[in-house]
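Raw structure.cif, mmCIF, N, CA and C atoms:
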```cif
data_structure
#
loop_
_atom_site.label_atom_id
_atom_site.label_comp_id
_atom_site.auth_asym_id
_atom_site.auth_seq_id
_atom_site.Cartn_x
_atom_site.Cartn_y
_atom_site.Cartn_z
N GLY A 144 46.42 60.71 -78.40
CA GLY A 144 46.71 61.71 -79.36
C GLY A 144 46.89 61.16 -80.77
N ALA A 145 47.59 60.02 -80.87
CA ALA A 145 47.83 59.44 -82.19
C ALA A 145 46.53 59.00 -82.85
N LEU A 146 45.56 58.54 -82.07
CA LEU A 146 44.28 58.12 -82.64
C LEU A 146 43.53 59.32 -83.22
N VAL A 147 43.65 60.47 -82.58
CA VAL A 147 43.00 61.68 -83.08
C VAL A 147 43.73 62.17 -84.32
N GLU A 148 45.07 62.24 -84.25
CA GLU A 148 45.86 62.72 -85.38
C GLU A 148 45.66 61.87 -86.63
N SER A 149 45.47 60.56 -86.44
CA SER A 149 45.32 59.66 -87.58
C SER A 149 43.88 59.51 -88.07
N GLY A 150 42.93 60.12 -87.35
CA GLY A 150 41.54 60.08 -87.77
C GLY A 150 40.74 58.90 -87.24
N TRP A 151 41.33 58.07 -86.42
CA TRP A 151 40.60 56.94 -85.86
C TRP A 151 39.58 57.37 -84.81
N LEU A 152 39.84 58.50 -84.17
CA LEU A 152 38.94 59.06 -83.16
C LEU A 152 38.90 60.57 -83.39
N ALA A 153 37.72 61.08 -83.70
CA ALA A 153 37.60 62.49 -84.09
C ALA A 153 37.44 63.40 -82.88
N PRO A 154 38.03 64.60 -82.95
CA PRO A 154 37.75 65.59 -81.91
C PRO A 154 36.24 65.83 -81.84
N GLY A 155 35.72 65.92 -80.64
CA GLY A 155 34.28 66.09 -80.46
C GLY A 155 33.54 64.78 -80.26
N ALA A 156 34.20 63.65 -80.52
CA ALA A 156 33.56 62.35 -80.32
C ALA A 156 33.25 62.15 -78.84
N ARG A 157 32.15 61.47 -78.57
CA ARG A 157 31.77 61.18 -77.19
C ARG A 157 32.25 59.78 -76.84
N VAL A 158 32.90 59.67 -75.70
CA VAL A 158 33.32 58.37 -75.17
C VAL A 158 32.63 58.17 -73.84
N PHE A 159 32.52 56.93 -73.42
CA PHE A 159 31.77 56.61 -72.20
C PHE A 159 32.30 55.32 -71.62
N ASP A 160 32.01 55.11 -70.33
CA ASP A 160 32.40 53.83 -69.74
C ASP A 160 31.37 52.78 -70.14
N LYS A 161 31.69 51.53 -69.93
CA LYS A 161 30.85 50.43 -70.42
C LYS A 161 29.41 50.52 -69.89
N LYS A 162 29.25 50.96 -68.65
CA LYS A 162 27.91 51.07 -68.06
C LYS A 162 27.27 52.43 -68.32
N ARG A 163 27.97 53.29 -69.05
CA ARG A 163 27.50 54.62 -69.43
C ARG A 163 27.18 55.50 -68.22
N ARG A 164 27.97 55.35 -67.16
CA ARG A 164 27.84 56.22 -66.00
C ARG A 164 28.56 57.54 -66.25
N PHE A 165 29.66 57.48 -66.99
CA PHE A 165 30.49 58.65 -67.25
C PHE A 165 30.62 58.86 -68.75
N THR A 166 30.58 60.10 -69.18
CA THR A 166 30.82 60.43 -70.59
C THR A 166 31.83 61.57 -70.65
N ALA A 167 32.53 61.62 -71.75
CA ALA A 167 33.52 62.67 -71.97
C ALA A 167 33.60 62.96 -73.46
N THR A 168 34.15 64.10 -73.79
CA THR A 168 34.34 64.51 -75.17
C THR A 168 35.82 64.52 -75.49
N VAL A 169 36.16 63.97 -76.65
CA VAL A 169 37.54 63.93 -77.11
C VAL A 169 37.93 65.33 -77.59
N ARG A 170 39.06 65.82 -77.11
CA ARG A 170 39.57 67.13 -77.52
C ARG A 170 40.58 66.96 -78.65
N ALA A 171 40.87 68.04 -79.36
CA ALA A 171 41.76 67.99 -80.52
C ALA A 171 43.16 67.48 -80.17
N ASP A 172 43.60 67.69 -78.93
CA ASP A 172 44.93 67.23 -78.53
C ASP A 172 44.93 65.79 -78.01
N GLY A 173 43.77 65.12 -78.06
CA GLY A 173 43.68 63.73 -77.61
C GLY A 173 43.28 63.57 -76.15
N SER A 174 43.21 64.67 -75.42
CA SER A 174 42.76 64.60 -74.03
C SER A 174 41.23 64.54 -74.03
N LEU A 175 40.66 64.34 -72.84
CA LEU A 175 39.21 64.26 -72.69
C LEU A 175 38.70 65.37 -71.80
N GLN A 176 37.43 65.73 -72.00
CA GLN A 176 36.79 66.71 -71.15
C GLN A 176 35.43 66.19 -70.73
N ALA A 177 35.17 66.24 -69.42
CA ALA A 177 33.87 65.88 -68.85
C ALA A 177 33.46 67.04 -67.94
N ASP A 178 32.47 67.80 -68.36
CA ASP A 178 32.08 69.02 -67.67
C ASP A 178 33.31 69.92 -67.55
N ALA A 179 33.67 70.35 -66.35
CA ALA A 179 34.82 71.25 -66.18
C ALA A 179 36.14 70.50 -66.03
N GLU A 180 36.09 69.17 -65.95
CA GLU A 180 37.30 68.36 -65.74
C GLU A 180 37.92 67.98 -67.09
N THR A 181 39.23 68.05 -67.17
CA THR A 181 39.95 67.59 -68.36
C THR A 181 41.12 66.73 -67.92
N GLY A 182 41.59 65.89 -68.83
CA GLY A 182 42.75 65.07 -68.53
C GLY A 182 42.97 64.01 -69.58
N SER A 183 43.99 63.23 -69.35
CA SER A 183 44.28 62.11 -70.24
C SER A 183 43.19 61.05 -70.09
N ILE A 184 43.19 60.08 -70.98
CA ILE A 184 42.20 59.01 -70.88
C ILE A 184 42.34 58.27 -69.54
N HIS A 185 43.56 58.16 -69.05
CA HIS A 185 43.81 57.46 -67.79
C HIS A 185 43.48 58.36 -66.59
N GLY A 186 43.98 59.59 -66.63
CA GLY A 186 43.80 60.50 -65.51
C GLY A 186 42.36 60.89 -65.29
N LEU A 187 41.64 61.21 -66.36
CA LEU A 187 40.24 61.60 -66.20
C LEU A 187 39.40 60.41 -65.77
N GLY A 188 39.68 59.24 -66.30
CA GLY A 188 38.95 58.05 -65.87
C GLY A 188 39.12 57.80 -64.38
N ALA A 189 40.33 57.94 -63.89
CA ALA A 189 40.60 57.75 -62.46
C ALA A 189 39.89 58.82 -61.64
N LYS A 190 39.98 60.07 -62.09
CA LYS A 190 39.38 61.18 -61.34
C LYS A 190 37.87 61.01 -61.23
N LEU A 191 37.21 60.68 -62.32
CA LEU A 191 35.76 60.54 -62.30
C LEU A 191 35.30 59.39 -61.41
N GLN A 192 36.09 58.34 -61.33
CA GLN A 192 35.73 57.19 -60.50
C GLN A 192 36.18 57.35 -59.05
N GLY A 193 37.00 58.35 -58.80
CA GLY A 193 37.57 58.49 -57.46
C GLY A 193 38.56 57.39 -57.16
N ALA A 194 39.25 56.92 -58.21
CA ALA A 194 40.19 55.80 -58.09
C ALA A 194 41.62 56.32 -58.19
N PRO A 195 42.58 55.57 -57.63
CA PRO A 195 43.97 56.01 -57.73
C PRO A 195 44.54 55.91 -59.14
N SER A 196 44.00 55.02 -59.96
CA SER A 196 44.48 54.87 -61.34
C SER A 196 43.36 54.27 -62.18
N CYS A 197 43.57 54.31 -63.49
CA CYS A 197 42.57 53.79 -64.43
C CYS A 197 43.28 53.45 -65.74
N ASN A 198 42.97 52.31 -66.31
CA ASN A 198 43.44 51.98 -67.65
C ASN A 198 42.42 52.56 -68.63
N GLY A 199 42.70 53.76 -69.11
CA GLY A 199 41.77 54.45 -69.99
C GLY A 199 41.48 53.71 -71.28
N TRP A 200 42.42 52.90 -71.75
CA TRP A 200 42.21 52.15 -73.00
C TRP A 200 41.05 51.18 -72.88
N THR A 201 40.87 50.59 -71.72
CA THR A 201 39.77 49.63 -71.54
C THR A 201 38.56 50.25 -70.85
N PHE A 202 38.75 51.36 -70.13
CA PHE A 202 37.64 52.01 -69.42
C PHE A 202 36.73 52.75 -70.38
N TRP A 203 37.32 53.54 -71.29
CA TRP A 203 36.52 54.36 -72.20
C TRP A 203 36.10 53.56 -73.42
N HIS A 204 34.86 53.73 -73.83
CA HIS A 204 34.28 53.04 -74.98
C HIS A 204 33.75 54.05 -75.98
N VAL A 205 33.54 53.57 -77.19
CA VAL A 205 33.01 54.40 -78.27
C VAL A 205 32.16 53.51 -79.17
N GLU A 206 31.20 54.11 -79.85
CA GLU A 206 30.45 53.35 -80.85
C GLU A 206 31.25 53.40 -82.14
N HIS A 207 31.58 52.23 -82.67
CA HIS A 207 32.38 52.12 -83.89
C HIS A 207 31.76 51.04 -84.76
N GLU A 208 31.39 51.42 -85.97
CA GLU A 208 30.77 50.50 -86.93
C GLU A 208 29.55 49.81 -86.31
N GLY A 209 28.74 50.59 -85.58
CA GLY A 209 27.50 50.07 -85.00
C GLY A 209 27.67 49.24 -83.74
N GLU A 210 28.88 49.15 -83.23
CA GLU A 210 29.12 48.37 -82.01
C GLU A 210 29.81 49.23 -80.97
N VAL A 211 29.55 48.92 -79.70
CA VAL A 211 30.24 49.57 -78.60
C VAL A 211 31.54 48.82 -78.36
N LYS A 212 32.66 49.56 -78.44
CA LYS A 212 33.97 48.93 -78.28
C LYS A 212 34.84 49.80 -77.38
N PRO A 213 35.74 49.17 -76.62
CA PRO A 213 36.71 49.99 -75.87
C PRO A 213 37.62 50.71 -76.86
N ILE A 214 38.12 51.87 -76.48
CA ILE A 214 38.99 52.58 -77.41
C ILE A 214 40.27 51.80 -77.67
N ASP A 215 40.56 50.82 -76.84
CA ASP A 215 41.70 49.95 -77.11
C ASP A 215 41.52 49.19 -78.42
N ALA A 216 40.28 48.88 -78.79
CA ALA A 216 40.02 48.21 -80.07
C ALA A 216 40.44 49.12 -81.23
N LEU A 217 40.16 50.42 -81.11
CA LEU A 217 40.60 51.36 -82.14
C LEU A 217 42.12 51.47 -82.16
N ARG A 218 42.72 51.44 -80.98
CA ARG A 218 44.18 51.51 -80.90
C ARG A 218 44.80 50.30 -81.59
N GLN A 219 44.22 49.12 -81.42
CA GLN A 219 44.75 47.92 -82.06
C GLN A 219 44.62 48.02 -83.58
N LEU A 220 43.49 48.54 -84.07
CA LEU A 220 43.32 48.72 -85.52
C LEU A 220 44.33 49.73 -86.05
N TYR A 221 44.56 50.81 -85.30
CA TYR A 221 45.55 51.82 -85.69
C TYR A 221 46.94 51.19 -85.75
N LEU A 222 47.31 50.43 -84.73
CA LEU A 222 48.63 49.81 -84.71
C LEU A 222 48.83 48.84 -85.88
N LEU A 223 47.78 48.10 -86.23
CA LEU A 223 47.86 47.21 -87.38
C LEU A 223 48.04 48.00 -88.68
N ALA A 224 47.35 49.12 -88.78
CA ALA A 224 47.43 49.94 -89.99
C ALA A 224 48.82 50.56 -90.17
N VAL A 225 49.45 50.99 -89.07
CA VAL A 225 50.77 51.62 -89.21
C VAL A 225 51.87 50.59 -89.40
N GLU A 226 51.60 49.33 -89.08
CA GLU A 226 52.59 48.28 -89.33
C GLU A 226 52.68 47.92 -90.80
N ASP A 227 51.55 48.09 -91.51
CA ASP A 227 51.52 47.72 -92.94
C ASP A 227 52.30 48.67 -93.81
#
```

For the structure just supplied, provide its representation as C-alpha coordinates.
Amino acid sequence: GALVESGWLAPGARVFDKKRRFTATVRADGSLQADAETGSIHGLGAKLQGAPSCNGWTFWHVEHEGEVKPIDALRQLYLLAVED
(Lines of atoms letter the chains of each structure in order from A and count residues from 1; the text may use other names and numbers.)
(Lines give C-alpha, C1' and ligand atoms only; values in the text may rest on other atoms or scores of the structure.)
Protein backbone atom coordinates (compact mmCIF):
# COMPACT_ATOMS: atom_id res chain seq x y z
CA GLY A 1 0.00 0.00 0.00
CA ALA A 2 2.74 2.47 0.89
CA LEU A 3 4.41 1.95 -2.51
CA VAL A 4 1.16 2.84 -4.27
CA GLU A 5 0.42 5.81 -1.99
CA SER A 6 3.93 7.20 -2.52
CA GLY A 7 3.87 6.73 -6.30
CA TRP A 8 6.58 4.08 -6.52
CA LEU A 9 4.05 1.60 -7.93
CA ALA A 10 1.03 2.93 -9.82
CA PRO A 11 -2.47 1.50 -9.67
CA GLY A 12 -3.00 -0.47 -12.87
CA ALA A 13 0.66 -1.50 -13.10
CA ARG A 14 1.25 -5.09 -14.17
CA VAL A 15 3.40 -7.29 -11.97
CA PHE A 16 4.58 -10.80 -12.76
CA ASP A 17 6.69 -13.61 -11.39
CA LYS A 18 10.26 -13.94 -12.62
CA LYS A 19 9.36 -16.65 -15.16
CA ARG A 20 6.24 -14.69 -16.22
CA ARG A 21 3.90 -17.59 -15.50
CA PHE A 22 1.60 -15.39 -13.42
CA THR A 23 0.59 -11.76 -13.88
CA ALA A 24 -1.51 -9.46 -11.75
CA THR A 25 -2.65 -5.85 -11.72
CA VAL A 26 -1.91 -3.49 -8.84
CA ARG A 27 -5.10 -2.05 -7.32
CA ALA A 28 -5.44 1.42 -5.79
CA ASP A 29 -5.40 -0.03 -2.27
CA GLY A 30 -2.10 -1.87 -2.90
CA SER A 31 -3.67 -5.30 -3.30
CA LEU A 32 -3.34 -7.34 -6.49
CA GLN A 33 -5.87 -8.79 -8.90
CA ALA A 34 -5.34 -11.73 -11.25
CA ASP A 35 -8.51 -12.58 -13.18
CA ALA A 36 -11.23 -13.02 -10.52
CA GLU A 37 -8.72 -13.55 -7.67
CA THR A 38 -7.60 -10.68 -5.43
CA GLY A 39 -5.35 -10.49 -2.42
CA SER A 40 -2.21 -9.15 -0.86
CA ILE A 41 1.12 -9.57 -2.62
CA HIS A 42 1.80 -12.53 -0.34
CA GLY A 43 -1.66 -14.10 -0.32
CA LEU A 44 -2.28 -13.91 -4.05
CA GLY A 45 1.20 -15.20 -4.83
CA ALA A 46 0.60 -18.22 -2.60
CA LYS A 47 -2.88 -18.83 -4.01
CA LEU A 48 -1.75 -18.74 -7.64
CA GLN A 49 1.10 -21.15 -6.95
CA GLY A 50 -0.99 -23.45 -4.79
CA ALA A 51 1.56 -22.89 -2.02
CA PRO A 52 0.97 -22.46 1.72
CA SER A 53 2.84 -19.13 1.73
CA CYS A 54 4.73 -16.74 -0.53
CA ASN A 55 7.13 -13.85 -0.02
CA GLY A 56 5.39 -11.43 -2.35
CA TRP A 57 8.25 -8.92 -2.16
CA THR A 58 10.57 -11.30 -3.99
CA PHE A 59 7.96 -13.27 -5.99
CA TRP A 60 6.39 -10.34 -7.85
CA HIS A 61 8.46 -8.37 -10.36
CA VAL A 62 7.97 -5.19 -12.33
CA GLU A 63 9.78 -3.41 -15.15
CA HIS A 64 11.49 -0.38 -13.64
CA GLU A 65 13.86 1.90 -15.54
CA GLY A 66 14.12 -0.67 -18.34
CA GLU A 67 14.97 -3.57 -16.05
CA VAL A 68 12.96 -6.38 -14.51
CA LYS A 69 13.21 -6.10 -10.74
CA PRO A 70 11.43 -7.66 -7.77
CA ILE A 71 9.07 -5.22 -6.12
CA ASP A 72 11.34 -5.52 -3.09
CA ALA A 73 13.82 -3.35 -5.03
CA LEU A 74 11.17 -0.61 -5.21
CA ARG A 75 10.46 -1.08 -1.51
CA GLN A 76 14.16 -0.59 -0.72
CA LEU A 77 14.27 2.62 -2.81
CA TYR A 78 11.11 3.84 -1.03
CA LEU A 79 12.60 3.09 2.39
CA LEU A 80 15.78 4.98 1.49
CA ALA A 81 13.74 7.96 0.30
CA VAL A 82 11.66 8.18 3.49
CA GLU A 83 14.79 7.97 5.65
CA ASP A 84 16.22 11.13 4.06

Test item: the PyMOL selection byres ((chain A and resi 170) around 6.5) resolved as a PDB file with N, CA and C atoms, keeping the file's coordinate frame:
```
ATOM      1  N   ALA A 153      37.720  61.080 -83.700  1.00  0.00           N
ATOM      2  CA  ALA A 153      37.600  62.490 -84.090  1.00  0.00           C
ATOM      3  C   ALA A 153      37.440  63.400 -82.880  1.00  0.00           C
ATOM      4  N   PRO A 154      38.030  64.600 -82.950  1.00  0.00           N
ATOM      5  CA  PRO A 154      37.750  65.590 -81.910  1.00  0.00           C
ATOM      6  C   PRO A 154      36.240  65.830 -81.840  1.00  0.00           C
ATOM      7  N   GLY A 155      35.720  65.920 -80.640  1.00  0.00           N
ATOM      8  CA  GLY A 155      34.280  66.090 -80.460  1.00  0.00           C
ATOM      9  C   GLY A 155      33.540  64.780 -80.260  1.00  0.00           C
ATOM     10  N   ALA A 156      34.200  63.650 -80.520  1.00  0.00           N
ATOM     11  CA  ALA A 156      33.560  62.350 -80.320  1.00  0.00           C
ATOM     12  C   ALA A 156      33.250  62.150 -78.840  1.00  0.00           C
ATOM     13  N   THR A 168      34.150  64.100 -73.790  1.00  0.00           N
ATOM     14  CA  THR A 168      34.340  64.510 -75.170  1.00  0.00           C
ATOM     15  C   THR A 168      35.820  64.520 -75.490  1.00  0.00           C
ATOM     16  N   VAL A 169      36.160  63.970 -76.650  1.00  0.00           N
ATOM     17  CA  VAL A 169      37.540  63.930 -77.110  1.00  0.00           C
ATOM     18  C   VAL A 169      37.930  65.330 -77.590  1.00  0.00           C
ATOM     19  N   ALA A 171      40.870  68.040 -79.360  1.00  0.00           N
ATOM     20  CA  ALA A 171      41.760  67.990 -80.520  1.00  0.00           C
ATOM     21  C   ALA A 171      43.160  67.480 -80.170  1.00  0.00           C
ATOM     22  N   ASP A 172      43.600  67.690 -78.930  1.00  0.00           N
ATOM     23  CA  ASP A 172      44.930  67.230 -78.530  1.00  0.00           C
ATOM     24  C   ASP A 172      44.930  65.790 -78.010  1.00  0.00           C
ATOM     25  N   GLY A 173      43.770  65.120 -78.060  1.00  0.00           N
ATOM     26  CA  GLY A 173      43.680  63.730 -77.610  1.00  0.00           C
ATOM     27  C   GLY A 173      43.280  63.570 -76.150  1.00  0.00           C
ATOM     28  N   SER A 174      43.210  64.670 -75.420  1.00  0.00           N
ATOM     29  CA  SER A 174      42.760  64.600 -74.030  1.00  0.00           C
ATOM     30  C   SER A 174      41.230  64.540 -74.030  1.00  0.00           C
ATOM     31  N   LEU A 175      40.660  64.340 -72.840  1.00  0.00           N
ATOM     32  CA  LEU A 175      39.210  64.260 -72.690  1.00  0.00           C
ATOM     33  C   LEU A 175      38.700  65.370 -71.800  1.00  0.00           C
ATOM     34  N   GLN A 176      37.430  65.730 -72.000  1.00  0.00           N
ATOM     35  CA  GLN A 176      36.790  66.710 -71.150  1.00  0.00           C
ATOM     36  C   GLN A 176      35.430  66.190 -70.730  1.00  0.00           C
TER      37      GLN A 176
END
```

(message) Residues within 6.5 Å of range 158-160 of chain A, please, as JSON, numbers by chain. Count all atoms listed in the file; anything in the same chain fewer than 3 positions from it doesn't count.
(response) {"A": [163, 164, 165, 166, 167, 168, 169, 202, 203, 204, 205]}

(message) When DSSP is applied to the backbone of this structure, which of chain A are assigned alpha helix (DSSP H)? Write them out as an MDAnalysis selection string.
(response) chainID A and resid 145:148 184:192 199:202 214:226

(message) Can you measure CA of Thr201 in chain A to CA of Lys161 in chain A for me? One decimal in Å is fine.
(response)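 Going from CA of Thr201 in chain A over to CA of Lys161 in chain A, I get 9.0 Å.
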
Contacts of Trp151 in chain A at 10 Å (only C-alpha atoms; same-chain gap of 5+ positions) as a PDB file with N, CA and C atoms, in the frame of the given file:
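Result file is around00.pdb:
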```
ATOM      1  N   ALA A 145      47.590  60.020 -80.870  1.00  0.00           N
ATOM      2  CA  ALA A 145      47.830  59.440 -82.190  1.00  0.00           C
ATOM      3  C   ALA A 145      46.530  59.000 -82.850  1.00  0.00           C
ATOM      4  N   LEU A 146      45.560  58.540 -82.070  1.00  0.00           N
ATOM      5  CA  LEU A 146      44.280  58.120 -82.640  1.00  0.00           C
ATOM      6  C   LEU A 146      43.530  59.320 -83.220  1.00  0.00           C
ATOM      7  N   HIS A 207      31.580  52.230 -82.670  1.00  0.00           N
ATOM      8  CA  HIS A 207      32.380  52.120 -83.890  1.00  0.00           C
ATOM      9  C   HIS A 207      31.760  51.040 -84.760  1.00  0.00           C
ATOM     10  N   ILE A 214      38.120  51.870 -76.480  1.00  0.00           N
ATOM     11  CA  ILE A 214      38.990  52.580 -77.410  1.00  0.00           C
ATOM     12  C   ILE A 214      40.270  51.800 -77.670  1.00  0.00           C
ATOM     13  N   LEU A 217      40.160  50.420 -81.110  1.00  0.00           N
ATOM     14  CA  LEU A 217      40.600  51.360 -82.140  1.00  0.00           C
ATOM     15  C   LEU A 217      42.120  51.470 -82.160  1.00  0.00           C
ATOM     16  N   ARG A 218      42.720  51.440 -80.980  1.00  0.00           N
ATOM     17  CA  ARG A 218      44.180  51.510 -80.900  1.00  0.00           C
ATOM     18  C   ARG A 218      44.800  50.300 -81.590  1.00  0.00           C
ATOM     19  N   LEU A 220      43.490  48.540 -84.070  1.00  0.00           N
ATOM     20  CA  LEU A 220      43.320  48.720 -85.520  1.00  0.00           C
ATOM     21  C   LEU A 220      44.330  49.730 -86.050  1.00  0.00           C
ATOM     22  N   TYR A 221      44.560  50.810 -85.300  1.00  0.00           N
ATOM     23  CA  TYR A 221      45.550  51.820 -85.690  1.00  0.00           C
ATOM     24  C   TYR A 221      46.940  51.190 -85.750  1.00  0.00           C
TER      25      TYR A 221
END
```

Size and centre in Å, one decimal, axis-aligned box, all listed range 204-221 of chain A atoms plus 5 Å per side, as AutoDock Vina command-line options:
```
--center_x 37.2 --center_y 51.2 --center_z -80.4 --size_x 29.4 --size_y 16.5 --size_z 23.1
```

(message) For the PyMOL selection byres (((chain A and resi 197 and name CA) around 7) and name CA), applied here, can you spell out every residue it catches as JSON, numbers by chain?
(response) {"A": [185, 186, 188, 189, 196, 198, 199]}

Writing out the chosen residues with N, CA and C atoms as a short mmCIF file (atom, residue, chain, number, x, y, z; two decimals), keeping the file's coordinate frame:
```
data_model
loop_
_atom_site.label_atom_id
_atom_site.label_comp_id
_atom_site.auth_asym_id
_atom_site.auth_seq_id
_atom_site.Cartn_x
_atom_site.Cartn_y
_atom_site.Cartn_z
N HIS A 185 43.56 58.16 -69.05
CA HIS A 185 43.81 57.46 -67.79
C HIS A 185 43.48 58.36 -66.59
N GLY A 186 43.98 59.59 -66.63
CA GLY A 186 43.80 60.50 -65.51
C GLY A 186 42.36 60.89 -65.29
N GLY A 188 39.68 59.24 -66.30
CA GLY A 188 38.95 58.05 -65.87
C GLY A 188 39.12 57.80 -64.38
N ALA A 189 40.33 57.94 -63.89
CA ALA A 189 40.60 57.75 -62.46
C ALA A 189 39.89 58.82 -61.64
N SER A 196 44.00 55.02 -59.96
CA SER A 196 44.48 54.87 -61.34
C SER A 196 43.36 54.27 -62.18
N ASN A 198 42.97 52.31 -66.31
CA ASN A 198 43.44 51.98 -67.65
C ASN A 198 42.42 52.56 -68.63
N GLY A 199 42.70 53.76 -69.11
CA GLY A 199 41.77 54.45 -69.99
C GLY A 199 41.48 53.71 -71.28
#
```
